[in-house]
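Asks: Next up, target-v2.tsv (TSV, C-alpha atoms).
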```tsv
chain	number	residue	atom	x	y	z
A	25	MET	CA	0.00	0.00	0.00
A	26	ASP	CA	1.31	3.45	-0.88
A	27	SER	CA	2.11	5.75	2.00
A	28	PRO	CA	0.13	9.02	2.15
A	29	GLN	CA	3.35	10.90	1.39
A	30	ARG	CA	3.99	9.16	-1.91
A	31	PRO	CA	2.94	11.44	-4.79
A	32	MET	CA	0.68	9.67	-7.25
A	33	PRO	CA	-1.17	10.62	-10.43
A	34	THR	CA	-4.84	9.82	-10.82
A	35	GLU	CA	-5.23	9.28	-14.60
A	36	ALA	CA	-6.47	5.72	-15.16
A	37	GLY	CA	-4.27	5.05	-18.19
A	38	ILE	CA	-1.04	6.03	-16.50
A	39	LEU	CA	-1.94	4.05	-13.36
A	40	GLN	CA	-2.43	0.97	-15.54
A	41	PHE	CA	0.90	1.67	-17.24
A	42	MET	CA	2.64	1.91	-13.85
A	43	GLU	CA	1.11	-1.37	-12.69
A	44	ILE	CA	2.29	-3.19	-15.82
A	45	GLY	CA	5.72	-1.55	-15.59
A	46	ASP	CA	6.23	-2.61	-11.97
A	47	SER	CA	5.38	-6.21	-12.88
A	48	PHE	CA	8.33	-6.28	-15.31
A	49	TYR	CA	10.76	-3.83	-13.72
A	50	PRO	CA	10.42	-3.74	-9.91
A	51	PRO	CA	10.61	-0.38	-8.09
A	52	ASP	CA	13.83	-1.48	-6.35
A	53	ALA	CA	15.48	-2.64	-9.59
A	54	VAL	CA	18.67	-0.61	-9.03
A	55	SER	CA	19.53	-2.86	-6.06
A	56	ALA	CA	19.90	-5.81	-8.44
A	57	SER	CA	22.92	-6.71	-10.56
A	58	ILE	CA	23.51	-4.82	-13.79
A	59	GLU	CA	22.79	-8.00	-15.76
A	60	GLN	CA	19.46	-8.46	-13.97
A	61	GLN	CA	18.51	-4.82	-14.49
A	62	ARG	CA	19.11	-5.19	-18.22
A	63	GLN	CA	17.07	-8.40	-18.43
A	64	TRP	CA	14.15	-6.76	-16.62
A	65	TYR	CA	14.37	-3.64	-18.78
A	66	ASP	CA	14.49	-5.63	-22.03
A	67	ALA	CA	11.39	-7.57	-20.92
A	68	LEU	CA	9.62	-4.31	-20.04
A	69	CYS	CA	10.42	-2.81	-23.42
A	70	ALA	CA	9.24	-5.94	-25.22
A	71	ARG	CA	5.92	-5.75	-23.35
A	72	PHE	CA	5.26	-2.30	-24.82
A	73	ASP	CA	6.42	-3.16	-28.35
A	74	ARG	CA	4.15	-1.95	-31.14
A	75	PRO	CA	3.71	-2.83	-34.82
A	76	LEU	CA	5.85	-0.54	-36.95
A	77	PRO	CA	4.36	1.98	-39.41
A	78	ASP	CA	3.71	0.69	-42.93
A	79	GLY	CA	6.46	1.25	-45.49
A	80	LEU	CA	9.16	2.14	-42.96
A	81	ARG	CA	12.66	1.08	-44.03
A	82	ILE	CA	15.14	0.22	-41.28
A	83	GLY	CA	18.87	-0.46	-41.50
A	84	ASP	CA	21.62	-1.10	-38.97
A	85	GLU	CA	25.20	0.03	-39.55
A	86	LEU	CA	28.38	1.10	-37.81
A	87	VAL	CA	29.49	4.73	-37.62
A	88	ALA	CA	33.11	5.72	-37.13
A	89	GLY	CA	33.97	2.05	-37.44
A	90	ALA	CA	32.55	1.00	-34.09
A	91	ILE	CA	29.31	2.73	-33.04
A	92	PRO	CA	26.11	0.87	-33.92
A	93	VAL	CA	23.24	3.01	-35.22
A	94	ARG	CA	19.83	2.25	-36.66
A	95	ARG	CA	18.42	4.37	-39.49
A	96	TYR	CA	14.67	4.75	-39.94
A	97	ASN	CA	13.34	6.02	-43.26
A	98	PRO	CA	9.56	6.41	-43.47
A	99	ALA	CA	7.64	5.81	-46.67
A	100	ASP	CA	6.80	9.51	-46.91
A	101	ILE	CA	9.91	11.67	-46.49
A	102	ARG	CA	8.89	15.33	-46.20
A	103	THR	CA	12.14	16.96	-45.10
A	104	ALA	CA	15.87	16.51	-45.65
A	105	THR	CA	16.53	17.23	-41.97
A	106	CYS	CA	17.67	14.21	-39.91
A	107	LEU	CA	16.47	13.36	-36.40
A	108	LEU	CA	19.20	12.03	-34.08
A	109	TYR	CA	17.69	9.98	-31.23
A	110	LEU	CA	19.52	9.14	-27.99
A	111	HIS	CA	17.74	6.62	-25.79
A	112	GLY	CA	17.15	6.74	-22.05
A	113	GLY	CA	17.93	4.11	-19.44
A	114	GLY	CA	20.11	5.81	-16.83
A	115	PHE	CA	23.22	5.21	-18.99
A	116	VAL	CA	23.01	1.62	-17.66
A	117	VAL	CA	20.18	-0.05	-19.63
A	118	GLY	CA	18.67	0.46	-23.07
A	119	SER	CA	19.66	-0.28	-26.67
A	120	LEU	CA	18.57	0.14	-30.26
A	121	ASP	CA	15.75	-2.31	-29.52
A	122	SER	CA	14.50	-0.67	-26.32
A	123	HIS	CA	13.25	2.45	-28.12
A	124	HIS	CA	12.63	0.83	-31.51
A	125	ALA	CA	8.88	1.52	-31.83
A	126	ILE	CA	9.23	5.00	-30.33
A	127	CYS	CA	11.87	5.94	-32.93
A	128	ALA	CA	9.85	4.39	-35.76
A	129	GLU	CA	6.72	6.33	-34.82
A	130	ILE	CA	8.53	9.66	-34.48
A	131	ALA	CA	10.22	9.20	-37.87
A	132	ASP	CA	6.88	8.32	-39.45
A	133	HIS	CA	4.99	11.22	-37.83
A	134	VAL	CA	7.64	13.75	-38.87
A	135	GLY	CA	8.36	12.31	-42.31
A	136	ALA	CA	12.10	12.42	-41.63
A	137	GLU	CA	15.03	10.06	-41.46
A	138	LEU	CA	15.82	9.20	-37.84
A	139	VAL	CA	19.14	7.81	-36.61
A	140	SER	CA	19.22	6.06	-33.21
A	141	VAL	CA	22.57	5.54	-31.44
A	142	ASP	CA	23.59	2.43	-29.50
A	143	TYR	CA	26.11	4.26	-27.31
A	144	ARG	CA	28.27	2.38	-24.80
A	145	LEU	CA	26.75	1.79	-21.35
A	146	ALA	CA	28.05	2.12	-17.79
A	147	PRO	CA	29.52	0.62	-15.68
A	148	GLU	CA	31.55	-1.16	-18.36
A	149	HIS	CA	32.16	2.22	-19.96
A	150	ARG	CA	32.21	5.30	-17.74
A	151	TRP	CA	31.70	8.91	-18.79
A	152	PRO	CA	32.60	10.34	-21.35
A	153	ALA	CA	32.21	7.20	-23.49
A	154	GLN	CA	28.48	7.86	-23.95
A	155	THR	CA	28.74	11.48	-25.08
A	156	ASP	CA	31.80	10.70	-27.20
A	157	ASP	CA	29.94	7.96	-29.09
A	158	CYS	CA	26.96	10.23	-29.74
A	159	PHE	CA	29.19	13.15	-30.75
A	160	SER	CA	31.00	10.94	-33.27
A	161	VAL	CA	27.67	10.11	-34.89
A	162	LEU	CA	26.60	13.75	-34.84
A	163	ARG	CA	29.86	14.78	-36.52
A	164	GLN	CA	29.38	12.23	-39.31
A	165	LEU	CA	25.80	13.33	-39.98
A	166	LEU	CA	26.85	16.98	-40.09
A	167	ALA	CA	29.75	16.05	-42.39
A	168	GLU	CA	27.19	14.47	-44.73
A	169	GLY	CA	25.66	17.93	-45.01
A	170	LYS	CA	22.57	17.12	-42.98
A	171	GLU	CA	20.75	19.47	-40.66
A	172	ILE	CA	20.01	17.77	-37.35
A	173	VAL	CA	17.31	17.79	-34.69
A	174	LEU	CA	18.63	16.26	-31.46
A	175	ILE	CA	16.10	14.19	-29.48
A	176	GLY	CA	16.67	12.34	-26.22
A	177	ASP	CA	14.67	11.01	-23.28
A	178	SER	CA	15.93	10.89	-19.68
A	179	ALA	CA	19.64	9.97	-19.87
A	180	GLY	CA	19.32	10.53	-23.61
A	181	GLY	CA	18.00	14.01	-22.90
A	182	ASN	CA	21.17	14.65	-20.95
A	183	LEU	CA	23.23	13.43	-23.91
A	184	ALA	CA	21.27	15.52	-26.42
A	185	ALA	CA	21.71	18.69	-24.35
A	186	GLY	CA	25.40	17.90	-23.96
A	187	LEU	CA	25.84	17.45	-27.72
A	188	ALA	CA	24.30	20.85	-28.38
A	189	ILE	CA	26.75	22.36	-25.88
A	190	ARG	CA	29.73	20.53	-27.44
A	191	ALA	CA	28.73	21.54	-30.95
A	192	LYS	CA	28.41	25.19	-29.95
A	193	ALA	CA	31.81	25.11	-28.21
A	194	GLU	CA	33.44	23.65	-31.32
A	195	GLY	CA	31.70	26.01	-33.71
A	196	LEU	CA	29.75	23.26	-35.50
A	197	SER	CA	26.66	24.44	-37.32
A	198	GLY	CA	23.68	22.46	-38.52
A	199	ILE	CA	21.76	21.66	-35.33
A	200	VAL	CA	18.35	23.24	-35.96
A	201	GLY	CA	16.66	22.15	-32.74
A	202	GLN	CA	16.81	19.96	-29.66
A	203	ILE	CA	14.00	18.03	-27.97
A	204	LEU	CA	14.64	17.07	-24.36
A	205	ILE	CA	12.16	14.59	-22.89
A	206	TYR	CA	12.17	14.43	-19.06
A	207	PRO	CA	15.92	15.11	-19.21
A	208	ALA	CA	18.50	14.65	-16.44
A	209	LEU	CA	20.47	17.89	-16.49
A	210	GLY	CA	22.49	17.87	-13.26
A	211	GLY	CA	20.17	19.25	-10.57
A	212	ASP	CA	21.24	19.26	-6.93
A	213	LEU	CA	19.27	16.17	-5.66
A	214	VAL	CA	18.26	18.00	-2.45
A	215	SER	CA	15.74	20.70	-3.40
A	216	GLY	CA	12.66	21.36	-5.52
A	217	SER	CA	11.31	18.29	-7.31
A	218	TYR	CA	14.21	16.16	-6.02
A	219	LEU	CA	12.67	16.69	-2.58
A	220	GLU	CA	8.99	16.94	-3.49
A	221	MET	CA	9.08	13.91	-5.80
A	222	ALA	CA	11.80	11.94	-4.00
A	223	GLU	CA	9.52	8.88	-3.82
A	224	ALA	CA	7.73	9.34	-7.14
A	225	PRO	CA	6.64	6.17	-8.94
A	226	GLY	CA	8.88	5.08	-11.81
A	227	LEU	CA	11.97	6.98	-10.67
A	228	THR	CA	13.09	8.14	-7.23
A	229	THR	CA	15.73	10.65	-6.24
A	230	ALA	CA	17.74	7.72	-4.83
A	231	ASP	CA	17.60	6.10	-8.28
A	232	VAL	CA	18.96	9.29	-9.89
A	233	SER	CA	21.80	9.29	-7.36
A	234	TYR	CA	22.54	5.64	-8.16
A	235	TYR	CA	22.77	6.26	-11.91
A	236	ARG	CA	25.11	9.19	-11.33
A	237	SER	CA	27.34	7.03	-9.14
A	238	VAL	CA	27.56	4.38	-11.88
A	239	LEU	CA	28.31	6.87	-14.66
A	240	ARG	CA	30.97	8.82	-12.70
A	241	ALA	CA	30.70	12.00	-14.75
A	242	PRO	CA	32.69	14.94	-13.31
A	243	SER	CA	30.56	17.24	-11.20
A	244	GLY	CA	30.13	20.69	-12.68
A	245	ASN	CA	31.14	19.70	-16.22
A	246	PRO	CA	28.56	21.42	-18.47
A	247	VAL	CA	28.45	18.57	-20.99
A	248	ALA	CA	27.61	16.13	-18.20
A	249	GLU	CA	25.51	18.64	-16.23
A	250	PRO	CA	24.07	21.21	-18.66
A	251	LEU	CA	22.59	23.26	-15.79
A	252	ALA	CA	26.22	24.07	-14.86
A	253	LEU	CA	26.80	25.83	-18.20
A	254	PRO	CA	27.76	29.47	-17.42
A	255	SER	CA	25.89	30.85	-20.44
A	256	VAL	CA	23.24	29.08	-22.49
A	257	ALA	CA	23.05	31.88	-25.07
A	258	GLY	CA	23.36	30.72	-28.65
A	259	LEU	CA	22.01	27.20	-28.13
A	260	PRO	CA	19.56	25.90	-30.74
A	261	PRO	CA	15.77	26.27	-30.47
A	262	THR	CA	14.61	23.89	-27.77
A	263	PHE	CA	11.51	21.92	-26.81
A	264	ILE	CA	11.48	20.52	-23.26
A	265	THR	CA	8.80	18.27	-21.81
A	266	VAL	CA	8.75	17.04	-18.21
A	267	ALA	CA	6.53	14.85	-16.06
A	268	HIS	CA	4.97	16.40	-12.97
A	269	PHE	CA	5.51	13.23	-10.91
A	270	ASP	CA	9.25	12.98	-11.52
A	271	PRO	CA	12.27	14.08	-9.44
A	272	LEU	CA	13.87	15.28	-12.72
A	273	ARG	CA	11.00	17.69	-13.35
A	274	ASP	CA	12.77	20.83	-12.16
A	275	ASP	CA	15.89	20.09	-14.22
A	276	GLY	CA	13.77	20.65	-17.32
A	277	ARG	CA	11.87	23.58	-15.79
A	278	ASN	CA	15.04	25.37	-14.75
A	279	TYR	CA	16.84	24.75	-18.05
A	280	ALA	CA	13.85	26.07	-20.00
A	281	ALA	CA	13.79	29.20	-17.84
A	282	ARG	CA	17.51	29.80	-18.38
A	283	LEU	CA	17.20	29.34	-22.13
A	284	ALA	CA	14.28	31.77	-22.29
A	285	GLN	CA	16.15	34.35	-20.22
A	286	ALA	CA	19.12	34.06	-22.61
A	287	GLY	CA	16.91	34.70	-25.63
A	288	VAL	CA	16.89	31.13	-26.94
A	289	GLU	CA	13.65	30.08	-28.62
A	290	VAL	CA	12.11	27.59	-26.20
A	291	TRP	CA	8.87	25.64	-25.77
A	292	PHE	CA	8.13	24.01	-22.43
A	293	ARG	CA	5.48	21.47	-21.44
A	294	GLU	CA	4.82	19.91	-18.07
A	295	GLU	CA	2.58	16.87	-18.29
A	296	PRO	CA	0.39	17.15	-15.17
A	297	GLN	CA	-0.51	13.46	-14.81
A	298	MET	CA	2.67	11.87	-16.13
A	299	VAL	CA	5.46	9.93	-14.42
A	300	HIS	CA	9.00	9.32	-15.63
A	301	ALA	CA	9.21	7.14	-18.77
A	302	TRP	CA	5.66	8.01	-19.87
A	303	LEU	CA	6.71	7.73	-23.55
A	304	ARG	CA	5.95	4.01	-23.31
A	305	ALA	CA	2.38	4.78	-22.23
A	306	ARG	CA	1.58	6.77	-25.40
A	307	HIS	CA	-0.94	4.18	-26.64
A	308	MET	CA	-2.73	3.63	-23.31
A	309	SER	CA	-2.77	7.01	-21.55
A	310	GLU	CA	-4.52	10.17	-22.74
A	311	GLY	CA	-1.85	12.37	-21.15
A	312	ALA	CA	0.98	10.39	-22.72
A	313	ARG	CA	-0.76	10.40	-26.10
A	314	ALA	CA	-1.03	14.21	-25.99
A	315	GLY	CA	2.55	14.56	-24.81
A	316	PHE	CA	3.84	12.34	-27.61
A	317	ALA	CA	1.86	14.32	-30.20
A	318	ALA	CA	3.51	17.50	-28.88
A	319	ILE	CA	6.97	15.92	-29.26
A	320	CYS	CA	6.23	14.92	-32.86
A	321	ALA	CA	4.86	18.40	-33.60
A	322	ALA	CA	8.01	20.00	-32.19
A	323	ALA	CA	10.22	17.70	-34.25
A	324	SER	CA	8.20	18.55	-37.37
A	325	ARG	CA	8.52	22.28	-36.66
A	326	PHE	CA	12.29	22.13	-36.11
A	327	ALA	CA	12.78	19.87	-39.14
A	328	GLY	CA	10.69	22.05	-41.42
A	329	SER	CA	8.43	19.11	-42.22
A	330	ARG	CA	5.05	19.80	-43.77
```
Taking this structure as input, can you express it in the form of structure tokens?
Replies:
Amino acid sequence: MDSPQRPMPTEAGILQFMEIGDSFYPPDAVSASIEQQRQWYDALCARFDRPLPDGLRIGDELVAGAIPVRRYNPADIRTATCLLYLHGGGFVVGSLDSHHAICAEIADHVGAELVSVDYRLAPEHRWPAQTDDCFSVLRQLLAEGKEIVLIGDSAGGNLAAGLAIRAKAEGLSGIVGQILIYPALGGDLVSGSYLEMAEAPGLTTADVSYYRSVLRAPSGNPVAEPLALPSVAGLPPTFITVAHFDPLRDDGRNYAARLAQAGVEVWFREEPQMVHAWLRARHMSEGARAGFAAICAAASRFAGSR
């Protein structure tokens, strides 16, 4: 039974999603071995698999000789802009397969090629292996002359924000937007939503601390912790969506506020009934369905898709 202090949404669809999720990936999963966590996560992802859109072409390849990526090309391509997707999973779990249907549906909705990156995971590979892998893929796509929209959820949102920061620092042009979905951006773990939503369903503040301890990214490094960036001026147009019932909520809130104050074009959504990882609930929850539609609309806007 939930304690009275535990914050909980009330939307029926998201409650059903949480119940199914807990049956595959227990709330105390981070106390298990890495191998067990990955087995549970793979089973969870398989449970929410969906049929792929008609006519979608998919191909796996290696970039820079070693980094696996998956390219999605929908039947109806309406823009030359490429979407670069970086999956979530706390830097510990996740793969090309874990976000397969999500990537396929975004590509199809936008009418754009989407490239998903199978970056190296911790603890076998500590920071900066993850951002380095993703940056190598970004460099290749830009070298091909493509304009890019960065998209990432959770840990992938952290990576996407970090890539935009790295690209700006190196003077690389071609990133036309970034979409950060309940991103982890380096908040302090002791105030705001980290306190208010410390025991939120789906992700707790203790879980966030665990993932940071596994990754071992340097504290205060803006690529690892984008909220530590001294100036966010000049970053690409940004869409940020957060879940109300999520300790990471204020990371997205605060980053959006900083971007707006610096004159960066920014859209911000807070999903009032959502929990962390609500992307997987997009076909069973009204709130998640609306949130996913907003993500696809933002990607279409940034990509110039009609």
Asks: Hey, which of A:Leu213, A:Val256, A:Ala53, A:Ile126 ends up closest to Ala317 of chain A? Count all atoms listed in the file.
Replies: A:Ile126
Asks: Report as a tab-separated table the residues of segment 124-219 of chain A within 9 Å of segment 56-79 of chain A, each with its shortest atom pair and distance in Å (one decimal), using all atoms listed in the file, ordered by chain and increasing residue number.
Replies:
```
residue	atom	partner	partner_atom	distance
A:His124	CA	A:Asp73	CA	8.0
A:Ala125	CA	A:Arg74	CA	5.9
A:Ile126	CA	A:Arg74	CA	8.6
A:Ala128	CA	A:Leu76	CA	6.5
A:Glu129	CA	A:Pro77	CA	6.7
A:Asp132	CA	A:Pro77	CA	6.8
A:Pro147	CA	A:Ile58	CA	8.3
```
Asks: Contacts of Arg150 of chain A at 9 Å or less, counting only C-alpha atoms, minus same-chain residues fewer than 5 places along, as a PyMOL selection string?
Replies: chain A and resi 144-145+238-241
Asks: What separation in Å, quoted to one decimal, exists between atom CA of Ala327 of chain A and atom CA of Thr103 of chain A?
Replies: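 Calculated distance between atom CA of Ala327 of chain A and atom CA of Thr103 of chain A is 6.7 Å.
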Asks: Determine the nearest neighbour of Ser324 of chain A from the options A:Asp52, A:Asp46, A:Glu137, A:Asp121, counting all atoms listed in the file.
Replies: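 Nearest to Ser324 of chain A: A:Glu137.
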Asks: Just want the 8 Å neighbourhood of segment 155-165 of chain A, counted on all atoms listed in the file, with same-chain residues fewer than 2 positions away dropped. Output as a list in words.
Replies: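 Counting all atoms listed in the file, the residues come to Val87, Ala88, Ile91, Leu108, Leu110, Val141, Tyr143, Arg144, Trp151, Pro152, Ala153, Ala167, Glu168, Gly169, Lys170, Glu171, Ile172, Leu183, Gly186 and Leu187 of chain A.
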Asks: Take the selection from the previous step and output its residues with C-alpha atoms, as an mmCIF file, keeping the file's coordinate frame.
Replies:
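Output file again08.cif is given in full below:
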```cif
data_model
loop_
_atom_site.group_PDB
_atom_site.id
_atom_site.type_symbol
_atom_site.label_atom_id
_atom_site.label_comp_id
_atom_site.auth_asym_id
_atom_site.auth_seq_id
_atom_site.Cartn_x
_atom_site.Cartn_y
_atom_site.Cartn_z
ATOM 1 C CA VAL A 87 29.490 4.730 -37.620
ATOM 2 C CA ALA A 88 33.110 5.720 -37.130
ATOM 3 C CA ILE A 91 29.310 2.730 -33.040
ATOM 4 C CA LEU A 108 19.200 12.030 -34.080
ATOM 5 C CA LEU A 110 19.520 9.140 -27.990
ATOM 6 C CA VAL A 141 22.570 5.540 -31.440
ATOM 7 C CA TYR A 143 26.110 4.260 -27.310
ATOM 8 C CA ARG A 144 28.270 2.380 -24.800
ATOM 9 C CA TRP A 151 31.700 8.910 -18.790
ATOM 10 C CA PRO A 152 32.600 10.340 -21.350
ATOM 11 C CA ALA A 153 32.210 7.200 -23.490
ATOM 12 C CA ALA A 167 29.750 16.050 -42.390
ATOM 13 C CA GLU A 168 27.190 14.470 -44.730
ATOM 14 C CA GLY A 169 25.660 17.930 -45.010
ATOM 15 C CA LYS A 170 22.570 17.120 -42.980
ATOM 16 C CA GLU A 171 20.750 19.470 -40.660
ATOM 17 C CA ILE A 172 20.010 17.770 -37.350
ATOM 18 C CA LEU A 183 23.230 13.430 -23.910
ATOM 19 C CA GLY A 186 25.400 17.900 -23.960
ATOM 20 C CA LEU A 187 25.840 17.450 -27.720
#
```
